[in-house]
$ cat coords_37.csv   # CSV, C-alpha atoms
chain,number,residue,atom,x,y,z
A,83,MET,CA,2.5,17.7,25.9
A,84,LYS,CA,2.1,16.8,22.3
A,85,GLU,CA,-0.6,18.6,20.5
A,86,PHE,CA,-2.5,16.7,17.8
A,87,THR,CA,-5.7,16.2,15.9
A,88,TYR,CA,-7.0,12.7,15.2
A,89,GLU,CA,-10.0,11.8,13.1
A,90,ALA,CA,-11.2,8.2,13.1
A,91,GLN,CA,-11.9,6.7,9.7
A,92,PRO,CA,-15.5,5.3,9.4
A,93,MET,CA,-14.9,1.7,8.4
A,94,ARG,CA,-15.9,-1.8,9.4
A,95,VAL,CA,-13.2,-4.6,9.3
A,96,VAL,CA,-13.7,-8.3,9.2
A,97,LEU,CA,-10.8,-10.7,9.4
A,98,ARG,CA,-11.3,-14.5,9.4
A,99,PRO,CA,-10.5,-17.5,7.1
A,100,GLY,CA,-13.1,-18.0,4.4
A,101,ALA,CA,-14.5,-14.5,4.8
A,102,ALA,CA,-14.3,-13.6,1.1
A,103,GLU,CA,-17.2,-15.9,0.3
A,104,THR,CA,-19.0,-16.0,3.7
A,105,ALA,CA,-18.7,-12.4,4.9
A,106,VAL,CA,-18.9,-10.3,1.7
A,107,PRO,CA,-22.6,-10.9,1.0
A,108,GLY,CA,-23.4,-9.9,4.6
A,109,GLU,CA,-21.3,-6.7,4.3
A,110,VAL,CA,-23.1,-5.8,1.0
A,111,GLU,CA,-26.5,-6.5,2.6
A,112,ARG,CA,-25.5,-4.4,5.6
A,113,LEU,CA,-24.8,-1.4,3.3
A,114,GLY,CA,-28.2,-1.9,1.6
A,115,LEU,CA,-26.7,-2.7,-1.8
A,116,ARG,CA,-28.5,-4.7,-4.4
A,117,ARG,CA,-26.4,-4.4,-7.6
A,118,VAL,CA,-22.7,-4.4,-7.0
A,119,LEU,CA,-20.0,-4.5,-9.6
A,120,VAL,CA,-17.1,-6.9,-8.7
A,121,VAL,CA,-13.7,-5.7,-10.0
A,122,SER,CA,-10.3,-7.4,-10.0
A,123,GLY,CA,-7.2,-7.8,-12.1
A,124,PRO,CA,-6.8,-10.6,-14.6
A,125,ARG,CA,-4.7,-12.7,-12.2
A,126,GLY,CA,-7.4,-12.4,-9.5
A,127,ALA,CA,-10.3,-13.2,-11.8
A,128,ARG,CA,-10.9,-16.7,-10.4
A,129,THR,CA,-11.2,-15.4,-6.8
A,130,ALA,CA,-13.3,-12.5,-7.9
A,131,ARG,CA,-15.7,-14.9,-9.7
A,132,ALA,CA,-16.1,-16.9,-6.5
A,133,VAL,CA,-17.0,-13.7,-4.7
A,134,ALA,CA,-19.4,-12.7,-7.5
A,135,ASP,CA,-21.0,-16.2,-7.3
A,136,ALA,CA,-21.4,-15.9,-3.5
A,137,LEU,CA,-23.2,-12.6,-4.0
A,138,GLY,CA,-25.8,-14.2,-6.3
A,139,GLY,CA,-28.4,-11.8,-7.5
A,140,ASP,CA,-26.7,-8.9,-5.7
A,141,CYS,CA,-23.9,-9.0,-8.3
A,142,ALA,CA,-24.5,-6.8,-11.3
A,143,GLY,CA,-21.4,-7.9,-13.1
A,144,LEU,CA,-17.7,-8.9,-13.0
A,145,HIS,CA,-15.0,-6.6,-14.4
A,146,THR,CA,-11.4,-8.0,-14.4
A,147,GLU,CA,-9.4,-5.3,-16.2
A,148,ALA,CA,-7.5,-3.7,-13.2
A,149,ARG,CA,-3.9,-2.7,-14.0
A,150,MET,CA,-1.0,-1.5,-12.0
A,151,HIS,CA,-0.9,2.3,-11.1
A,152,VAL,CA,-4.5,2.7,-12.4
A,153,PRO,CA,-4.1,4.1,-15.9
A,154,ALA,CA,-6.7,6.8,-16.6
A,155,GLU,CA,-8.1,4.9,-19.6
A,156,VAL,CA,-8.6,1.8,-17.4
A,157,ALA,CA,-10.5,3.9,-14.9
A,158,ASP,CA,-12.6,5.4,-17.6
A,159,ARG,CA,-13.6,2.0,-18.9
A,160,ALA,CA,-14.5,0.7,-15.4
A,161,VAL,CA,-16.6,3.7,-14.6
A,162,ALA,CA,-18.5,3.2,-17.9
A,163,VAL,CA,-19.0,-0.5,-17.0
A,164,ALA,CA,-20.4,0.4,-13.6
A,165,ARG,CA,-22.8,3.0,-15.0
A,166,ALA,CA,-24.0,0.7,-17.7
A,167,ALA,CA,-24.6,-2.1,-15.2
A,168,GLY,CA,-26.7,0.2,-13.0
A,169,ALA,CA,-24.4,-0.6,-10.1
A,170,ASP,CA,-25.2,0.8,-6.7
A,171,GLY,CA,-21.8,-0.3,-5.2
A,172,CYS,CA,-18.5,-1.9,-5.9
A,173,VAL,CA,-16.6,-4.8,-4.5
A,174,ALA,CA,-12.8,-4.8,-5.2
A,175,VAL,CA,-11.1,-8.1,-4.9
A,176,GLY,CA,-7.3,-8.4,-5.2
A,177,GLY,CA,-4.2,-6.4,-4.6
A,178,GLY,CA,-3.5,-2.7,-4.8
A,179,SER,CA,-4.4,-2.5,-8.5
A,180,ALA,CA,-7.9,-3.9,-8.0
A,181,ILE,CA,-8.5,-1.8,-4.9
A,182,GLY,CA,-7.1,1.3,-6.7
A,183,LEU,CA,-9.5,0.7,-9.5
A,184,GLY,CA,-12.4,0.4,-7.1
A,185,LYS,CA,-11.4,3.7,-5.6
A,186,ALA,CA,-11.3,5.3,-9.0
A,187,ILE,CA,-14.9,4.1,-9.5
A,188,ALA,CA,-15.9,5.4,-6.1
A,189,LEU,CA,-14.3,8.8,-6.8
A,190,ARG,CA,-16.1,9.3,-10.1
A,191,THR,CA,-19.5,7.9,-9.2
A,192,GLY,CA,-19.8,8.1,-5.4
A,193,LEU,CA,-20.6,4.4,-5.2
A,194,PRO,CA,-19.8,2.8,-1.8
A,195,LEU,CA,-16.8,0.4,-1.9
A,196,VAL,CA,-16.1,-2.9,-0.2
A,197,ALA,CA,-12.5,-4.1,-0.4
A,198,VAL,CA,-11.4,-7.7,-0.3
A,199,PRO,CA,-7.6,-7.6,-0.3
A,200,SER,CA,-5.4,-10.5,-1.4
A,201,THR,CA,-2.1,-8.9,-0.7
A,202,TYR,CA,-0.6,-6.9,2.2
A,203,SER,CA,-0.3,-3.4,0.6
A,204,GLY,CA,-2.7,-1.7,3.1
A,205,SER,CA,-4.3,0.5,0.4
A,206,GLU,CA,-7.7,-0.6,1.5
A,207,MET,CA,-7.4,1.3,4.7
A,208,THR,CA,-6.7,4.7,3.2
A,209,PRO,CA,-8.8,7.5,1.6
A,210,VAL,CA,-5.9,7.9,-0.9
A,211,TRP,CA,-6.5,7.5,-4.6
A,212,GLY,CA,-4.1,7.4,-7.5
A,213,LEU,CA,-4.4,7.7,-11.3
A,214,THR,CA,-1.7,7.6,-14.0
A,215,GLU,CA,-2.1,9.8,-17.1
A,216,HIS,CA,0.4,11.1,-19.6
A,217,GLY,CA,3.3,9.4,-17.8
A,218,ALA,CA,2.6,10.9,-14.4
A,219,LYS,CA,0.9,9.5,-11.4
A,220,ARG,CA,-1.4,11.8,-9.5
A,221,THR,CA,-2.6,11.1,-6.0
A,222,GLY,CA,-5.2,12.7,-3.8
A,223,ARG,CA,-7.4,12.2,-0.7
A,224,ASP,CA,-11.1,12.0,-0.8
A,225,PRO,CA,-13.4,10.4,1.8
A,226,SER,CA,-15.6,8.9,-0.9
A,227,VAL,CA,-12.8,6.4,-1.9
A,228,LEU,CA,-12.4,4.9,1.6
A,229,PRO,CA,-14.0,1.5,1.6
A,230,ARG,CA,-17.1,1.2,3.8
A,231,SER,CA,-16.1,-2.4,4.7
A,232,VAL,CA,-12.8,-4.3,4.4
A,233,VAL,CA,-13.0,-8.1,4.4
A,234,TYR,CA,-9.6,-9.8,5.2
A,235,ASP,CA,-9.5,-13.5,4.3
A,236,PRO,CA,-6.1,-15.1,5.0
A,237,GLU,CA,-7.0,-18.0,2.7
A,238,LEU,CA,-6.9,-15.6,-0.3
A,239,THR,CA,-3.2,-14.9,0.3
A,240,LEU,CA,-2.1,-18.6,0.5
A,241,SER,CA,-1.4,-18.6,-3.3
A,242,LEU,CA,0.6,-15.4,-3.1
A,243,PRO,CA,4.2,-16.3,-3.9
A,244,VAL,CA,6.7,-15.8,-1.1
A,245,ASP,CA,8.6,-13.1,-3.0
A,246,LEU,CA,5.4,-11.1,-3.7
A,247,SER,CA,4.3,-11.6,-0.1
A,248,VAL,CA,7.5,-10.1,1.2
A,249,THR,CA,7.5,-7.1,-1.2
A,250,SER,CA,3.8,-6.5,-0.4
A,251,GLY,CA,4.5,-6.6,3.3
A,252,VAL,CA,7.4,-4.2,3.1
A,253,ASN,CA,5.1,-1.9,1.1
A,254,ALA,CA,2.8,-1.9,4.1
A,255,LEU,CA,5.7,-1.3,6.4
A,256,ALA,CA,6.6,1.8,4.4
A,257,HIS,CA,3.2,3.2,5.2
A,258,ALA,CA,3.7,2.9,8.9
A,259,ALA,CA,7.3,4.2,8.7
A,260,GLU,CA,6.2,7.5,7.1
A,261,ALA,CA,3.2,7.8,9.4
A,262,LEU,CA,5.6,7.7,12.4
A,263,TYR,CA,7.4,10.9,11.2
A,264,ALA,CA,4.4,12.6,9.5
A,265,PRO,CA,3.7,16.2,10.7
A,266,ASP,CA,0.1,15.2,11.5
A,267,ALA,CA,1.0,12.1,13.5
A,268,SER,CA,-0.9,11.5,16.7
A,269,PRO,CA,-0.3,9.1,19.7
A,270,LEU,CA,-2.9,6.6,18.5
A,271,VAL,CA,-1.6,6.6,14.9
A,272,SER,CA,2.0,6.1,16.2
A,273,LEU,CA,0.8,3.1,18.4
A,274,MET,CA,-0.9,1.6,15.3
A,275,ALA,CA,2.1,2.1,13.2
A,276,GLU,CA,4.6,0.6,15.6
A,277,GLU,CA,2.3,-2.4,16.2
A,278,GLY,CA,1.8,-2.8,12.5
A,279,VAL,CA,5.5,-2.9,11.9
A,280,ARG,CA,6.0,-5.4,14.7
A,281,ALA,CA,3.3,-7.7,13.4
A,282,MET,CA,4.6,-7.5,9.8
A,283,ALA,CA,8.2,-8.1,10.9
A,284,ASP,CA,7.0,-11.2,12.8
A,285,ALA,CA,4.8,-12.5,10.0
A,286,LEU,CA,7.0,-12.2,7.0
A,287,PRO,CA,9.8,-14.6,8.1
A,288,ALA,CA,7.2,-17.1,9.4
A,289,LEU,CA,5.3,-17.2,6.1
A,290,THR,CA,8.6,-17.3,4.2
A,291,ALA,CA,9.5,-20.5,6.1
A,292,ALA,CA,6.0,-22.0,5.8
A,293,PRO,CA,4.0,-20.3,3.0
A,294,ARG,CA,0.9,-22.3,3.8
A,295,ASP,CA,0.9,-21.2,7.5
A,296,LEU,CA,-2.6,-19.6,7.8
A,297,ASP,CA,-1.8,-18.0,11.1
A,298,ALA,CA,1.3,-16.2,9.7
A,299,ARG,CA,-0.8,-15.1,6.7
A,300,GLY,CA,-3.4,-13.8,9.1
A,301,ARG,CA,-0.8,-11.9,11.2
A,302,ALA,CA,0.5,-10.3,8.0
A,303,LEU,CA,-3.1,-9.1,7.1
A,304,TYR,CA,-3.4,-7.7,10.7
A,305,GLY,CA,-0.1,-5.8,10.2
A,306,ALA,CA,-1.2,-4.5,6.8
A,307,TRP,CA,-4.5,-3.3,8.4
A,308,LEU,CA,-2.6,-1.3,11.0
A,309,CYS,CA,0.1,0.0,8.7
A,310,GLY,CA,-2.5,1.1,6.1
A,311,ALA,CA,-4.7,2.7,8.8
A,312,ALA,CA,-1.7,4.7,10.0
A,313,LEU,CA,-1.0,6.1,6.5
A,314,GLY,CA,-4.7,6.8,6.0
A,315,ALA,CA,-4.6,9.2,9.0
A,316,THR,CA,-1.4,11.0,8.0
A,317,THR,CA,0.4,12.5,5.1
A,318,MET,CA,3.1,11.0,3.0
A,319,GLY,CA,6.7,12.0,2.7
A,320,LEU,CA,9.8,11.5,0.5
A,321,HIS,CA,9.6,7.7,0.3
A,322,HIS,CA,6.1,7.7,-1.2
A,323,LYS,CA,6.8,10.6,-3.5
A,324,LEU,CA,9.9,8.8,-5.0
A,325,CYS,CA,7.9,5.6,-5.5
A,326,HIS,CA,5.1,7.4,-7.2
A,327,VAL,CA,7.5,9.1,-9.6
A,328,LEU,CA,9.3,5.7,-10.3
A,329,GLY,CA,6.0,3.9,-10.8
A,330,GLY,CA,3.9,6.5,-12.6
A,331,THR,CA,6.6,7.9,-14.9
A,332,TYR,CA,8.9,4.9,-15.4
A,333,GLY,CA,6.4,2.0,-14.9
A,334,LEU,CA,8.3,0.3,-12.1
A,335,PRO,CA,6.2,-2.3,-10.2
A,336,HIS,CA,4.6,-0.8,-7.1
A,337,ALA,CA,5.4,-3.1,-4.1
A,338,GLU,CA,8.9,-4.0,-5.4
A,339,THR,CA,9.8,-0.3,-5.8
A,340,HIS,CA,8.7,0.4,-2.2
A,341,THR,CA,10.8,-2.5,-1.0
A,342,VAL,CA,13.9,-1.3,-2.8
A,343,VAL,CA,13.6,2.4,-1.9
A,344,LEU,CA,12.5,2.2,1.7
A,345,PRO,CA,15.8,1.5,3.4
A,346,TYR,CA,17.5,4.4,1.7
A,347,ALA,CA,14.6,6.8,2.4
A,348,LEU,CA,14.8,5.8,6.0
A,349,ALA,CA,18.5,6.3,6.1
A,350,TYR,CA,18.1,9.8,4.6
A,351,ASN,CA,15.4,10.8,7.1
A,352,ALA,CA,16.9,9.2,10.2
A,353,PRO,CA,18.9,12.2,11.5
A,354,ALA,CA,15.7,14.3,11.4
A,355,ALA,CA,13.3,11.8,12.9
A,356,PRO,CA,14.8,10.2,16.0
A,357,GLU,CA,11.5,9.4,17.7
A,358,ALA,CA,10.2,7.6,14.6
A,359,MET,CA,13.5,5.7,14.3
A,360,ALA,CA,13.2,4.7,17.9
A,361,ALA,CA,9.7,3.3,17.4
A,362,LEU,CA,10.8,1.4,14.3
A,363,GLY,CA,13.8,0.1,16.2
A,364,ARG,CA,11.6,-1.2,19.0
A,365,ALA,CA,9.3,-2.9,16.5
A,366,LEU,CA,12.1,-4.5,14.6
A,367,GLY,CA,14.4,-5.2,17.5
A,368,THR,CA,17.4,-3.3,16.2
A,369,ASP,CA,19.3,-0.1,16.5
A,370,ASP,CA,20.0,0.0,12.7
A,371,VAL,CA,16.5,0.4,11.2
A,372,PRO,CA,17.5,0.9,7.5
A,373,SER,CA,19.6,-2.3,7.4
A,374,ALA,CA,17.0,-4.3,9.3
A,375,VAL,CA,14.3,-3.3,6.8
A,376,ARG,CA,16.7,-4.3,4.0
A,377,ASP,CA,17.4,-7.6,5.7
A,378,LEU,CA,13.7,-8.3,6.2
A,379,ALA,CA,13.2,-8.2,2.4
A,380,ASP,CA,16.0,-10.7,1.8
A,381,GLY,CA,15.1,-13.9,-0.1
A,382,PRO,CA,14.9,-15.5,-3.5
A,383,GLY,CA,13.1,-13.4,-6.1
A,384,VAL,CA,13.0,-10.2,-3.9
A,385,PRO,CA,14.7,-7.3,-5.8
A,386,ARG,CA,17.6,-5.5,-4.2
A,387,SER,CA,18.0,-2.5,-6.5
A,388,LEU,CA,16.3,-0.2,-8.9
A,389,ALA,CA,18.6,-1.6,-11.6
A,390,GLU,CA,17.1,-5.0,-11.1
A,391,LEU,CA,13.6,-3.5,-11.6
A,392,GLY,CA,14.6,-2.1,-15.0
A,393,LEU,CA,15.3,1.6,-14.3
A,394,ALA,CA,17.9,3.0,-16.6
A,395,GLU,CA,20.8,4.6,-14.9
A,396,ALA,CA,20.3,7.7,-17.1
A,397,ASP,CA,16.8,8.1,-15.6
A,398,VAL,CA,17.9,8.3,-12.0
A,399,ALA,CA,18.8,12.0,-12.0
A,400,ALA,CA,15.6,13.0,-13.9
A,401,ALA,CA,13.4,11.0,-11.4
A,402,ALA,CA,15.2,12.7,-8.5
A,403,GLN,CA,14.6,16.2,-10.0
A,404,VAL,CA,10.9,15.5,-10.5
A,405,ALA,CA,10.5,14.3,-6.9
A,406,ALA,CA,12.5,17.3,-5.5
A,407,GLU,CA,10.4,19.9,-7.4
A,408,GLN,CA,7.1,18.9,-5.7
A,409,ALA,CA,6.3,20.2,-2.3
A,410,TYR,CA,5.3,17.6,0.4
A,411,PRO,CA,6.0,17.2,4.1
A,412,ASN,CA,9.1,15.4,5.2
A,413,PRO,CA,11.1,15.5,8.4
A,414,ARG,CA,14.3,16.4,6.5
A,415,GLU,CA,14.4,19.0,3.8
A,416,VAL,CA,14.3,17.4,0.4
A,417,THR,CA,16.8,18.8,-2.0
A,418,ALA,CA,17.6,17.8,-5.5
A,419,GLN,CA,20.9,16.4,-4.3
A,420,GLY,CA,19.3,14.6,-1.4
A,421,ALA,CA,16.7,12.9,-3.6
A,422,LEU,CA,19.5,12.0,-6.1
A,423,ASP,CA,21.6,10.5,-3.3
A,424,VAL,CA,18.7,8.3,-2.2
A,425,LEU,CA,17.9,7.1,-5.7
A,426,ARG,CA,21.6,6.5,-6.5
A,427,ALA,CA,21.9,4.3,-3.5
A,428,ALA,CA,18.7,2.5,-4.3
A,429,TYR,CA,19.8,2.0,-7.9
A,430,THR,CA,23.0,0.1,-6.9
A,431,GLY,CA,21.3,-1.7,-4.0
A,432,ASP,CA,24.3,-1.3,-1.6
A,433,ARG,CA,23.7,-1.5,2.1
A,434,PRO,CA,22.2,1.8,3.4
A,435,ARG,CA,24.6,4.1,5.2
A,436,ARG,CA,23.4,5.1,8.6
A,437,ASP,CA,25.0,8.5,8.4
A,438,SER,CA,23.2,9.4,5.2
$ encode --input "coords_37.csv" --output "C-alpha cells"
Amino acid sequence: MKEFTYEAQPMRVVLRPGAAETAVPGEVERLGLRRVLVVSGPRGARTARAVADALGGDCAGLHTEARMHVPAEVADRAVAVARAAGADGCVAVGGGSAIGLGKAIALRTGLPLVAVPSTYSGSEMTPVWGLTEHGAKRTGRDPSVLPRSVVYDPELTLSLPVDLSVTSGVNALAHAAEALYAPDASPLVSLMAEEGVRAMADALPALTAAPRDLDARGRALYGAWLCGAALGATTMGLHHKLCHVLGGTYGLPHAETHTVVLPYALAYNAPAAPEAMAALGRALGTDDVPSAVRDLADGPGVPRSLAELGLAEADVAAAAQVAAEQAYPNPREVTAQGALDVLRAAYTGDRPRRDS
C-alpha cells in the first residue's frame, strides 16, 4: 500500500472558447469584487484591454508592464499601482510573466487573483511564486497566490506562434514529469500528471500541423491544466532548479529553457525513478522517454540547446555549481558533477543518453 497525503487546491476552472470576455466578468462577480486591476505584459495588452472593457465599471485599471521572471522592481511597481487604484482583486491575462506578476501582487497585498492564461505553461494552477532580484530567482509557495478562478479560452492561444506553443507545452509537460517522481506524489496527482502528458503530447503535433485548430488548442489547455495542477500539489526537483538558475541568473527565456533541459534531466533521473518513467512512457507511447520528449519539441524555431539560447559555455559549470549547492528533493542524488553533466549535454543539444 502506498501511503500519501493529498490536499485539494481550492479553485474554480472554466474552459470554453470566448470565455476571456464572457466568463471573466461572472467570475469577478462571483468573488464579490468591484475594483479589479487587470495586468498583462506589453505583447498581451490588446487582449488584456478587451478583458478590461468586458469588466466595465468593475475594472479599476490596466497595467501592462509584466516581464519575464518577475523582476522585483516590476513587482514593486505593480503592487504600488494596485494600491493606488484601490483594487480589491487582480485579473492576470497572458502567459507565465503576467500570471507571475499577478501572483506577486497577491502575495504582497492578499488580493484575490483570477488568471486568464494565453499560453500552456500551467503556472496558473500552482501556489508557487517567483521573484528575481540581484541576479537570482527565488521561489516559494503560499496559498494566497493560487488563483481563485482560472478561465481558459482556446481562442486566446490561436495567435501564439507554433514554436512558442511547443515550448510552452513542453514547459507544462515538465511540471507533470517532476510531479510523477516527487516525494509527495499521490495516486490522484500521478493520474492527473500522466493524463496531462498524454493530452499535451496529442495536442502539440495537431496544433503544429493546423495552428488554427481550436480543438487542438483546447486540448493543449486541458493538458496544461492537469500538468500544472500536478505540480501545484507536489515539490519540484532537479529540472526546475536548473531552469530557475538559468533563467534568474543568466536571463534565459523560461519556456525555451525548460524545453531544452527537460530531456537531459529526465535521462539523469530515469535510473532512480522507474515508476515515473513507466507512466511517462505510457503517456508518450515509448520506451525511451528522454528522446521522445526531445522529439516532441522538434520543429522550426524550437531551440535544441542552451548554446542556441545564448548561454556562454564558460557559465555552464558555474550554473551547475549553484544548482548543486541548494537542497531540494530529487529521486537521484544531485551532485555537482551530475548537474554539470546534465547542463553540458543540454548545452550541446545532442540526443540524451538513456544510461545517463
$ atom_distance --input "coords_37.csv" --atom1 "atom CA of Met207 of chain A" --atom2 "atom CA of Arg364 of chain A"
23.9 Å
$ atom_distance --input "coords_37.csv" --atom1 "atom CA of Tyr234 of chain A" --atom2 "atom CA of Leu97 of chain A"
4.5 Å
$ closest_residue --input "coords_37.csv" --among "A:Thr317, A:Gln408, A:Ser226, A:Thr339" --to "Asn253 of chain A" --atoms "all atoms listed in the file"
A:Thr339
$ atom_distance --input "coords_37.csv" --atom1 "atom CA of Ala311 of chain A" --atom2 "atom CA of Thr208 of chain A"
6.3 Å
$ residues_around --input "coords_37.csv" --residues "segment 352-355 of chain A" --least-positions-apart "5" --cutoff "12 Å" --atoms "only C-alpha atoms" --output "PyMOL selection string"
chain A and resi 259-265+344-347+360-363+369-372+412-416+434-438
$ residues_near_point --input "coords_37.csv" --point "(-23.4, -4.0, -6.3)" --cutoff "8 Å" --atoms "all atoms listed in the file" --output "PDB file with C-alpha atoms, in the frame of the given file"
ATOM      1  CA  VAL A 110     -23.100  -5.800   1.000  1.00  0.00           C
ATOM      2  CA  LEU A 115     -26.700  -2.700  -1.800  1.00  0.00           C
ATOM      3  CA  ARG A 116     -28.500  -4.700  -4.400  1.00  0.00           C
ATOM      4  CA  ARG A 117     -26.400  -4.400  -7.600  1.00  0.00           C
ATOM      5  CA  VAL A 118     -22.700  -4.400  -7.000  1.00  0.00           C
ATOM      6  CA  LEU A 119     -20.000  -4.500  -9.600  1.00  0.00           C
ATOM      7  CA  VAL A 120     -17.100  -6.900  -8.700  1.00  0.00           C
ATOM      8  CA  ASP A 140     -26.700  -8.900  -5.700  1.00  0.00           C
ATOM      9  CA  CYS A 141     -23.900  -9.000  -8.300  1.00  0.00           C
ATOM     10  CA  ALA A 142     -24.500  -6.800 -11.300  1.00  0.00           C
ATOM     11  CA  ALA A 169     -24.400  -0.600 -10.100  1.00  0.00           C
ATOM     12  CA  ASP A 170     -25.200   0.800  -6.700  1.00  0.00           C
ATOM     13  CA  GLY A 171     -21.800  -0.300  -5.200  1.00  0.00           C
ATOM     14  CA  CYS A 172     -18.500  -1.900  -5.900  1.00  0.00           C
ATOM     15  CA  VAL A 173     -16.600  -4.800  -4.500  1.00  0.00           C
TER      16      VAL A 173
END
$ closest_atom_pairs --input "coords_37.csv" --of "segment 160-265 of chain A" --to "segment 385-406 of chain A" --cutoff "12 Å" --atoms "only C-alpha atoms" --output "Markdown table"
| residue | atom | partner | partner_atom | distance |
| --- | --- | --- | --- | --- |
| A:Ala218 | CA | A:Val404 | CA | 10.3 |
| A:Lys219 | CA | A:Ala405 | CA | 11.6 |
| A:Asp245 | CA | A:Pro385 | CA | 8.9 |
| A:Leu246 | CA | A:Pro385 | CA | 10.3 |
| A:Val248 | CA | A:Pro385 | CA | 10.4 |
| A:Thr249 | CA | A:Pro385 | CA | 8.5 |
| A:Val252 | CA | A:Pro385 | CA | 11.9 |
$ residues_around --input "coords_37.csv" --residues "Pro229 of chain A" --least-positions-apart "3" --cutoff "7 Å" --atoms "only C-alpha atoms" --output "list in words"
Met93, Pro194, Leu195, Val196, Ala197, Glu206 and Val232 of chain A
$ residues_near_point --input "coords_37.csv" --point "(-0.3, -3.8, 7.3)" --cutoff "10 Å" --atoms "only C-alpha atoms" --output "PyMOL selection string"
chain A and resi 201-207+250-258+274-275+277-282+301-313
$ closest_atom_pairs --input "coords_37.csv" --of "segment 286-383 of chain A" --to "segment 421-428 of chain A" --cutoff "12 Å" --atoms "only C-alpha atoms" --output "tab-separated table"
residue	atom	partner	partner_atom	distance
A:Gly319	CA	A:Ala421	CA	11.9
A:Leu320	CA	A:Ala421	CA	8.1
A:His321	CA	A:Val424	CA	9.5
A:Lys323	CA	A:Ala421	CA	10.2
A:Leu324	CA	A:Ala421	CA	8.1
A:Cys325	CA	A:Leu425	CA	10.1
A:Val327	CA	A:Leu425	CA	11.3
A:Leu328	CA	A:Leu425	CA	9.9
A:Glu338	CA	A:Ala428	CA	11.8
A:Thr339	CA	A:Ala428	CA	9.4
A:His340	CA	A:Ala428	CA	10.4
A:Thr341	CA	A:Ala428	CA	9.9
A:Val342	CA	A:Ala428	CA	6.3
A:Val343	CA	A:Ala428	CA	5.6
A:Leu344	CA	A:Ala428	CA	8.6
A:Pro345	CA	A:Ala428	CA	8.3
A:Tyr346	CA	A:Val424	CA	5.6
A:Ala347	CA	A:Val424	CA	6.3
A:Leu348	CA	A:Val424	CA	9.4
A:Ala349	CA	A:Val424	CA	8.5
A:Tyr350	CA	A:Val424	CA	7.0
A:Asn351	CA	A:Val424	CA	10.2
A:Pro372	CA	A:Ala428	CA	12.0
A:Arg376	CA	A:Ala428	CA	10.9
$ closest_atom_pairs --input "coords_37.csv" --of "segment 248-367 of chain A" --to "segment 153-165 of chain A" --cutoff "12 Å" --atoms "all atoms listed in the file" --output "Markdown table"
| residue | atom | partner | partner_atom | distance |
| --- | --- | --- | --- | --- |
| A:Gly329 | CA | A:Pro153 | CA | 11.3 |
| A:Gly330 | CA | A:Pro153 | CA | 9.0 |
| A:Thr331 | CA | A:Pro153 | CA | 11.4 |
| A:Gly333 | CA | A:Pro153 | CA | 10.8 |
$ closest_residue --input "coords_37.csv" --among "A:Arg112, A:Arg190, A:Arg98, A:His216" --to "Asp297 of chain A" --atoms "only C-alpha atoms"
A:Arg98
$ residues_around --input "coords_37.csv" --residues "Leu378 of chain A" --least-positions-apart "6" --cutoff "8 Å" --atoms "all atoms listed in the file" --output "PyMOL selection string"
chain A and resi 283+286-287
$ decode --input "coords_37.csv" --residues "segment 326-338 of chain A" --atoms "N, CA and C atoms" --output "PDB file, in the first residue's frame"
ATOM      1  N   HIS A 326      15.466  27.421 -13.034  1.00  0.00           N
ATOM      2  CA  HIS A 326      15.386  28.657 -12.258  1.00  0.00           C
ATOM      3  C   HIS A 326      16.746  29.360 -12.207  1.00  0.00           C
ATOM      4  N   VAL A 327      17.812  28.575 -12.073  1.00  0.00           N
ATOM      5  CA  VAL A 327      19.147  29.168 -12.081  1.00  0.00           C
ATOM      6  C   VAL A 327      19.449  29.775 -13.449  1.00  0.00           C
ATOM      7  N   LEU A 328      19.155  29.040 -14.509  1.00  0.00           N
ATOM      8  CA  LEU A 328      19.452  29.531 -15.866  1.00  0.00           C
ATOM      9  C   LEU A 328      18.620  30.760 -16.215  1.00  0.00           C
ATOM     10  N   GLY A 329      17.385  30.809 -15.741  1.00  0.00           N
ATOM     11  CA  GLY A 329      16.536  31.955 -16.030  1.00  0.00           C
ATOM     12  C   GLY A 329      16.843  33.148 -15.145  1.00  0.00           C
ATOM     13  N   GLY A 330      16.891  32.910 -13.827  1.00  0.00           N
ATOM     14  CA  GLY A 330      17.064  34.023 -12.893  1.00  0.00           C
ATOM     15  C   GLY A 330      18.445  34.635 -12.931  1.00  0.00           C
ATOM     16  N   THR A 331      19.482  33.810 -13.076  1.00  0.00           N
ATOM     17  CA  THR A 331      20.852  34.315 -13.036  1.00  0.00           C
ATOM     18  C   THR A 331      21.383  34.696 -14.405  1.00  0.00           C
ATOM     19  N   TYR A 332      20.999  33.934 -15.433  1.00  0.00           N
ATOM     20  CA  TYR A 332      21.567  34.158 -16.765  1.00  0.00           C
ATOM     21  C   TYR A 332      20.555  34.715 -17.770  1.00  0.00           C
ATOM     22  N   GLY A 333      19.322  34.934 -17.326  1.00  0.00           N
ATOM     23  CA  GLY A 333      18.329  35.600 -18.163  1.00  0.00           C
ATOM     24  C   GLY A 333      17.821  34.798 -19.331  1.00  0.00           C
ATOM     25  N   LEU A 334      17.954  33.476 -19.291  1.00  0.00           N
ATOM     26  CA  LEU A 334      17.459  32.662 -20.404  1.00  0.00           C
ATOM     27  C   LEU A 334      15.933  32.622 -20.394  1.00  0.00           C
ATOM     28  N   PRO A 335      15.314  32.543 -21.560  1.00  0.00           N
ATOM     29  CA  PRO A 335      13.849  32.548 -21.637  1.00  0.00           C
ATOM     30  C   PRO A 335      13.256  31.306 -20.991  1.00  0.00           C
ATOM     31  N   HIS A 336      12.133  31.487 -20.307  1.00  0.00           N
ATOM     32  CA  HIS A 336      11.590  30.475 -19.412  1.00  0.00           C
ATOM     33  C   HIS A 336      11.193  29.182 -20.126  1.00  0.00           C
ATOM     34  N   ALA A 337      10.192  29.247 -21.000  1.00  0.00           N
ATOM     35  CA  ALA A 337       9.677  28.032 -21.626  1.00  0.00           C
ATOM     36  C   ALA A 337      10.733  27.359 -22.492  1.00  0.00           C
ATOM     37  N   GLU A 338      11.509  28.145 -23.212  1.00  0.00           N
ATOM     38  CA  GLU A 338      12.535  27.581 -24.078  1.00  0.00           C
ATOM     39  C   GLU A 338      13.593  26.828 -23.270  1.00  0.00           C
TER      40      GLU A 338
END
